[in-house]
Amino acid sequence: MNGDRAPRTPNPLPPATTRRGLLTGAAATGLTWATASTAHADDHPENGAGTGAGTDVPHRARTRTLRGTLPAGSPDYVYLPVDVPPGVAEFAVSYTYGRPPVPPGVQGNALDIGLFDERGTALGGRGFRGWSGGARTSFFVRADAATPGYLPGPVRPGTWHIALAPYTVAPEGLPYEVTVTLRFGESAPAPVPIHPPERAKGRGRAWYRGDCHLHSTHSDGRRTPAEVAAAARAAGLDFINSSEHNTTSAHAAWEGLWGDDLLILTGEEITTRNGHVLAVGTDPGVFIDWRYRARDQRFGRYARRVRGAGGLVVPAHPHATCIGCSWKFGFAEADAVEVWNGPWTPDDEVALAEWDNALAASVRDTGGGPGRWLPAMGNSDAHREPDRVGHPQTVVLADALSRRAILAGIRAGRSYIAESAGLALSFGATNGRGRHAGIGERLRAAADAHVTVRLEVSGAAAGCTVRLVTDQGVLLTSPLPGSGAGVVEWRTTPAHAAYVRAEVRHAPTVPGLPGAFAALTNPVFLDAGTGTES
């Protein structure tokens with residue numbers, strides 16, 4: 001699976017209830033500390049230092065190991081209950097699972113993991129304490145600290161649940177071994193989370209560059225938050241969005257990393273079995289559940305929760321080929337769509353074509369003016385070196401470098417996508433009376449009135465070509481000068497083109513196929529609905 005698209009084992013989702021009848025071994029009965037162990041759960045009394053880091057760890061501990069096998073056809077999500085007595089200061093888990101060889105074309109074993117506390121596992125995530133998917137094999141939680149991906153806080157008595165998510169299961173089953181260690185003692189004070197501010201200094205109304213799909217060590221990325229912020233600055237970005245898989249633990253990890261030059265938004269990549277969706281710019285600490293499939297009819301509820309938390313709903317890499325990555329929920333609840341994800345690939349080409357078809361549908365029955373349409377976004381989905389943060393980046397016209405203004409610009413489609421901060425575009429249309437509309441805007445004109453479309457490009461690579469695309473298709477292709485800068489003008493009418501958008505593509509590497517993108521814009525709409533020019 002492509003690391004640019006998703007974690008090695010994308011995070012699965014549970015049905016409403018756990019089918020424990022499918023379990024074998026100790027997991028079927030769970031783990032308690034007041035009873036003798038079963039044949040599949042081994043007690044290990046422990047003395048000595050714990051596994052946590054940063055403060056002294058209690059010396060008295062108890063460890064148990066649970067073993068079981070998940071058969072092919074297991075539910076998306078399996079909960080292992082753990083009874084936690086009073087006095088526990090740290091909850092630690094490690095796990096392994098079997099990876100037998102499988103024939104070509106058959107899926108092998110992949111098992112993700114997470115944790116819910118005594119508040120339960122109900123959808124909505126009230127008891128959510130962390131998720132690492134398949135990114136790590138051990139984690140801990142205590143009041144003052146937690147493994148990245150997990151939320152620090154008190155270890156209260158009650159029944160906790162280890163969440164096992166069999167992403168894929170080999171025909172002979174998935175044997176697993178989960179070791180739980182409870183360490184007893186006094187709890188340290190819980191830290192007060194410090195979240196990024198909602199505004200940076202900025203340049204007033206201006207074009208701001210951002211990357212809203214990034215991963216750090218708080219999910220399956222290899223860069224620390226500090227390294228992500230440094231890479232964002234090096235890429236010339238003005239804003240980024242924290243988008244870890246199925247966890248909010250990174251929301252409080254950016255202290256000291258924002259500044260006058262960098263706005264940091266908080267969000268999440270909601271990773272379901274039927275596609276991934278970015279929650280962009282949600283309120284800090286707001287967790288959005290991912291444990292549903294398209295057939296469960298629950299996505300609308302959680303899309304509304306994203307918007308209720310101030311964020312945008314953006315399906316990510318909708319035609320990615322990794323298992324569970326292709327978007328199956330439809331776009332009725334989306335606010336924008338990620339049509340360009342990391343280095344340009346054939347699935348981006350499919351996403352672009354689908355998006356353009358939707359643009360054509362939005363103007364089909366409106367006399368030329370846009371109906372509801374989805375703006376396009378581009379993001380890097382960078383996980384580790386050599387993934388380039390800011391390749392691509394969404395360039396947004398916003399009134400300020402603030403959460404509210406940036407999200408408003410994205411929602412309105414006042415944006416274009418560029419492969420780097422070195423490439424800049426200016427694009428718009430002007431009618432015969434001097435009225436102008438820019439990217440994401442609407443220009444009213446009589447159906448037969450001449451409209452001049454103008455694209456100015458700077459910073460493109462040598463050999464790039466400009467294409468102007470309408471609801472009819474590609475109507476102009478023009479090579480850029482060798483300097484990578486130039487101006488292209490084209491005249492049309494609203495009767496001929498209900499919208500115009502611009503593409504800047506590199507020279508093709510495969511004969512007969514278009515080259516990879518250097519930049520693309522959201523459309524300018526030419527509205528002949530009034531029948532008169534204004």
# chains A, B, ... in the order shown; residues from 1 in each chain; ligands from 1
>>> residues_around(residues="A:Thr121", least_positions_apart="5", cutoff="9 Å", atoms="only C-alpha atoms", output="MDAnalysis selection string")
chainID A and resid 79 116 126:128 160:161 163
>>> residues_around(residues="A:Ile113", least_positions_apart="3", cutoff="7 Å", atoms="only C-alpha atoms", output="compact mmCIF listing (two decimals) with N, CA, C and O atoms, in the first residue's frame")
# COMPACT_ATOMS: atom_id res chain seq x y z
N TRP A 131 -5.58 5.94 19.49
CA TRP A 131 -5.55 5.05 18.33
C TRP A 131 -4.16 5.13 17.71
O TRP A 131 -3.61 6.21 17.54
N SER A 132 -3.60 3.98 17.41
CA SER A 132 -2.33 3.96 16.68
C SER A 132 -2.42 3.14 15.41
O SER A 132 -1.45 3.04 14.67
N GLY A 133 -3.59 2.55 15.14
CA GLY A 133 -3.72 1.76 13.92
C GLY A 133 -2.67 0.66 13.91
O GLY A 133 -2.49 -0.07 14.88
N GLY A 134 -1.93 0.56 12.81
CA GLY A 134 -0.84 -0.40 12.72
C GLY A 134 0.52 0.24 12.83
O GLY A 134 1.52 -0.36 12.46
N ALA A 163 -9.18 -2.05 21.69
CA ALA A 163 -9.88 -2.18 20.41
C ALA A 163 -8.95 -2.83 19.40
O ALA A 163 -7.91 -2.27 19.06
N LEU A 164 -9.32 -4.02 18.95
CA LEU A 164 -8.59 -4.70 17.89
C LEU A 164 -9.37 -4.52 16.59
O LEU A 164 -10.57 -4.75 16.56
N ALA A 165 -8.67 -4.16 15.54
CA ALA A 165 -9.32 -3.90 14.26
C ALA A 165 -8.65 -4.75 13.19
O ALA A 165 -7.62 -4.37 12.65
>>> residues_around(residues="A:Ser478", least_positions_apart="3", cutoff="8 Å", atoms="only C-alpha atoms", output="list in words")
Thr465, Val466, Arg467 and Val488 of chain A
>>> select_by_dssp(residues="stretch 209-295 of chain A", states="strand (DSSP E or B)", output="PyMOL selection string")
chain A and resi 209-214+239-242+245+259+262-266+268-272+275-280
>>> write_last_selection(atoms="C-alpha atoms", output="mmCIF file, in the first residue's frame")
data_model
loop_
_atom_site.group_PDB
_atom_site.id
_atom_site.type_symbol
_atom_site.label_atom_id
_atom_site.label_comp_id
_atom_site.auth_asym_id
_atom_site.auth_seq_id
_atom_site.Cartn_x
_atom_site.Cartn_y
_atom_site.Cartn_z
ATOM 1 C CA ARG A 209 -0.623 28.769 0.947
ATOM 2 C CA GLY A 210 -1.474 25.715 3.005
ATOM 3 C CA ASP A 211 -1.308 21.941 3.316
ATOM 4 C CA CYS A 212 -4.303 20.405 5.099
ATOM 5 C CA HIS A 213 -3.320 16.715 4.975
ATOM 6 C CA LEU A 214 -0.220 15.902 7.036
ATOM 7 C CA PHE A 239 -0.992 27.388 7.272
ATOM 8 C CA ILE A 240 -1.232 23.669 7.932
ATOM 9 C CA ASN A 241 -3.918 21.364 9.317
ATOM 10 C CA SER A 242 -3.197 18.617 11.865
ATOM 11 C CA HIS A 245 -5.653 9.114 11.537
ATOM 12 C CA GLY A 259 4.014 31.984 14.964
ATOM 13 C CA LEU A 262 2.383 29.978 10.450
ATOM 14 C CA LEU A 263 -1.242 29.274 11.344
ATOM 15 C CA ILE A 264 -1.868 25.744 12.637
ATOM 16 C CA LEU A 265 -5.387 24.337 12.303
ATOM 17 C CA THR A 266 -6.557 21.248 14.181
ATOM 18 C CA GLU A 268 -8.445 14.688 11.897
ATOM 19 C CA GLU A 269 -8.272 12.187 9.051
ATOM 20 C CA ILE A 270 -11.375 10.086 9.616
ATOM 21 C CA THR A 271 -10.311 6.696 8.295
ATOM 22 C CA THR A 272 -13.215 4.370 7.579
ATOM 23 C CA GLY A 275 -12.866 5.851 2.412
ATOM 24 C CA HIS A 276 -10.955 8.592 4.222
ATOM 25 C CA VAL A 277 -12.209 12.115 4.892
ATOM 26 C CA LEU A 278 -10.402 15.141 6.279
ATOM 27 C CA ALA A 279 -11.941 17.172 9.075
ATOM 28 C CA VAL A 280 -10.237 20.512 8.408
#
>>> closest_residue(among="A:Val306, A:Leu257, A:Ala110, A:Ile162", to="A:Ala72", atoms="only C-alpha atoms")
A:Ala110
>>> residues_around(residues="stretch 281-289 of chain A", least_positions_apart="2", cutoff="7 Å", atoms="only C-alpha atoms", output="ChimeraX atom specification")
/A:123-125,195,241,247-248,251,265-267,270,279,291,302,306,309-312,403
>>> write_last_selection(atoms="all heavy atoms", output="short mmCIF file (atom, residue, chain, number, x, y, z; two decimals), in the first residue's frame")
data_model
loop_
_atom_site.label_atom_id
_atom_site.label_comp_id
_atom_site.auth_asym_id
_atom_site.auth_seq_id
_atom_site.Cartn_x
_atom_site.Cartn_y
_atom_site.Cartn_z
N LEU A 123 -20.53 4.54 19.84
CA LEU A 123 -20.21 5.47 18.77
C LEU A 123 -20.35 6.90 19.26
O LEU A 123 -21.23 7.24 20.04
CB LEU A 123 -21.15 5.24 17.58
CG LEU A 123 -20.82 4.03 16.69
CD1 LEU A 123 -21.93 3.80 15.69
CD2 LEU A 123 -19.49 4.25 15.98
N GLY A 124 -19.47 7.72 18.80
CA GLY A 124 -19.38 9.10 19.27
C GLY A 124 -18.08 9.34 20.01
O GLY A 124 -17.60 10.45 20.07
N GLY A 125 -17.53 8.27 20.60
CA GLY A 125 -16.19 8.32 21.14
C GLY A 125 -16.04 8.91 22.52
O GLY A 125 -14.97 9.38 22.88
N HIS A 195 -3.52 24.79 22.98
CA HIS A 195 -3.83 24.60 21.57
C HIS A 195 -3.40 25.79 20.74
O HIS A 195 -3.25 26.91 21.27
CB HIS A 195 -5.34 24.35 21.40
CG HIS A 195 -5.81 23.09 22.04
ND1 HIS A 195 -6.83 23.06 22.97
CD2 HIS A 195 -5.38 21.81 21.91
CE1 HIS A 195 -7.03 21.81 23.36
NE2 HIS A 195 -6.16 21.03 22.74
N ASN A 241 -2.83 21.97 8.54
CA ASN A 241 -3.92 21.36 9.32
C ASN A 241 -3.42 20.04 9.89
O ASN A 241 -2.90 19.20 9.17
CB ASN A 241 -5.13 21.11 8.42
CG ASN A 241 -6.29 20.47 9.16
OD1 ASN A 241 -6.89 21.08 10.03
ND2 ASN A 241 -6.60 19.23 8.82
N THR A 247 -7.45 10.22 15.55
CA THR A 247 -7.08 10.66 16.89
C THR A 247 -6.88 12.16 16.90
O THR A 247 -6.52 12.76 15.88
CB THR A 247 -5.81 9.95 17.40
OG1 THR A 247 -5.55 10.35 18.75
CG2 THR A 247 -4.60 10.26 16.53
N THR A 248 -7.10 12.75 18.07
CA THR A 248 -6.89 14.18 18.28
C THR A 248 -5.67 14.46 19.15
O THR A 248 -5.47 15.59 19.60
CB THR A 248 -8.13 14.81 18.96
OG1 THR A 248 -8.35 14.15 20.22
CG2 THR A 248 -9.37 14.64 18.09
N HIS A 251 -3.46 17.59 18.71
CA HIS A 251 -3.99 18.95 18.85
C HIS A 251 -3.24 19.76 19.89
O HIS A 251 -3.12 20.98 19.76
CB HIS A 251 -5.47 18.91 19.20
CG HIS A 251 -6.35 18.45 18.09
ND1 HIS A 251 -7.73 18.54 18.13
CD2 HIS A 251 -6.06 17.90 16.88
CE1 HIS A 251 -8.24 18.05 17.01
NE2 HIS A 251 -7.24 17.65 16.24
N LEU A 265 -4.02 24.78 12.08
CA LEU A 265 -5.39 24.34 12.30
C LEU A 265 -5.38 22.93 12.89
O LEU A 265 -4.44 22.16 12.70
CB LEU A 265 -6.17 24.34 10.99
CG LEU A 265 -6.14 25.62 10.17
CD1 LEU A 265 -6.86 25.42 8.84
CD2 LEU A 265 -6.76 26.76 10.94
N THR A 266 -6.44 22.60 13.62
CA THR A 266 -6.56 21.25 14.18
C THR A 266 -7.69 20.51 13.49
O THR A 266 -8.72 21.10 13.15
CB THR A 266 -6.80 21.30 15.70
OG1 THR A 266 -7.96 22.09 15.98
CG2 THR A 266 -5.61 21.88 16.42
N GLY A 267 -7.49 19.22 13.28
CA GLY A 267 -8.48 18.41 12.60
C GLY A 267 -8.18 16.93 12.77
O GLY A 267 -7.58 16.53 13.76
N ILE A 270 -10.40 11.08 9.18
CA ILE A 270 -11.37 10.09 9.62
C ILE A 270 -11.27 8.91 8.65
O ILE A 270 -11.64 9.01 7.49
CB ILE A 270 -12.79 10.70 9.61
CG1 ILE A 270 -12.81 11.98 10.45
CG2 ILE A 270 -13.82 9.71 10.09
CD1 ILE A 270 -13.93 12.92 10.09
N ALA A 279 -11.26 16.14 8.31
CA ALA A 279 -11.94 17.17 9.07
C ALA A 279 -10.93 18.31 9.19
O ALA A 279 -9.91 18.18 9.87
CB ALA A 279 -12.35 16.66 10.45
N ARG A 291 -16.10 4.79 13.00
CA ARG A 291 -16.45 3.37 13.07
C ARG A 291 -17.80 3.08 12.40
O ARG A 291 -18.77 2.73 13.06
CB ARG A 291 -16.44 2.93 14.54
CG ARG A 291 -15.05 3.02 15.16
CD ARG A 291 -15.08 2.74 16.65
NE ARG A 291 -15.77 3.77 17.39
CZ ARG A 291 -16.21 3.62 18.63
NH1 ARG A 291 -16.08 2.47 19.26
NH2 ARG A 291 -16.82 4.62 19.25
N TYR A 302 -21.83 12.34 11.32
CA TYR A 302 -20.49 12.77 11.71
C TYR A 302 -19.98 13.91 10.84
O TYR A 302 -19.18 14.72 11.30
CB TYR A 302 -19.55 11.56 11.73
CG TYR A 302 -19.95 10.63 12.85
CD1 TYR A 302 -20.65 9.46 12.60
CD2 TYR A 302 -19.72 10.98 14.18
CE1 TYR A 302 -21.07 8.64 13.64
CE2 TYR A 302 -20.13 10.17 15.22
CZ TYR A 302 -20.81 9.01 14.94
OH TYR A 302 -21.24 8.21 15.98
N VAL A 306 -18.56 17.49 12.26
CA VAL A 306 -17.40 18.25 11.80
C VAL A 306 -17.78 19.71 11.62
O VAL A 306 -17.10 20.63 12.11
CB VAL A 306 -16.85 17.66 10.49
CG1 VAL A 306 -15.77 18.58 9.91
CG2 VAL A 306 -16.27 16.27 10.73
N ALA A 309 -18.38 21.62 14.73
CA ALA A 309 -17.13 21.98 15.41
C ALA A 309 -16.35 23.01 14.62
O ALA A 309 -15.16 23.24 14.89
CB ALA A 309 -16.28 20.73 15.63
N GLY A 310 -16.99 23.63 13.63
CA GLY A 310 -16.37 24.72 12.89
C GLY A 310 -15.52 24.30 11.72
O GLY A 310 -14.85 25.15 11.10
N GLY A 311 -15.53 23.00 11.36
CA GLY A 311 -14.62 22.51 10.34
C GLY A 311 -15.26 22.25 8.99
O GLY A 311 -16.47 22.43 8.80
N LEU A 312 -14.44 21.82 8.05
CA LEU A 312 -14.86 21.45 6.71
C LEU A 312 -14.73 19.94 6.52
O LEU A 312 -13.82 19.31 7.06
CB LEU A 312 -14.00 22.15 5.65
CG LEU A 312 -13.97 23.67 5.65
CD1 LEU A 312 -13.07 24.17 4.52
CD2 LEU A 312 -15.36 24.26 5.53
N ARG A 403 -8.23 31.10 11.13
CA ARG A 403 -9.01 29.89 10.90
C ARG A 403 -10.30 30.20 10.15
O ARG A 403 -10.63 29.58 9.13
CB ARG A 403 -9.32 29.23 12.24
CG ARG A 403 -10.30 28.06 12.19
CD ARG A 403 -10.71 27.69 13.60
NE ARG A 403 -11.73 26.64 13.63
CZ ARG A 403 -12.43 26.33 14.71
NH1 ARG A 403 -12.24 26.99 15.84
NH2 ARG A 403 -13.33 25.37 14.68
#
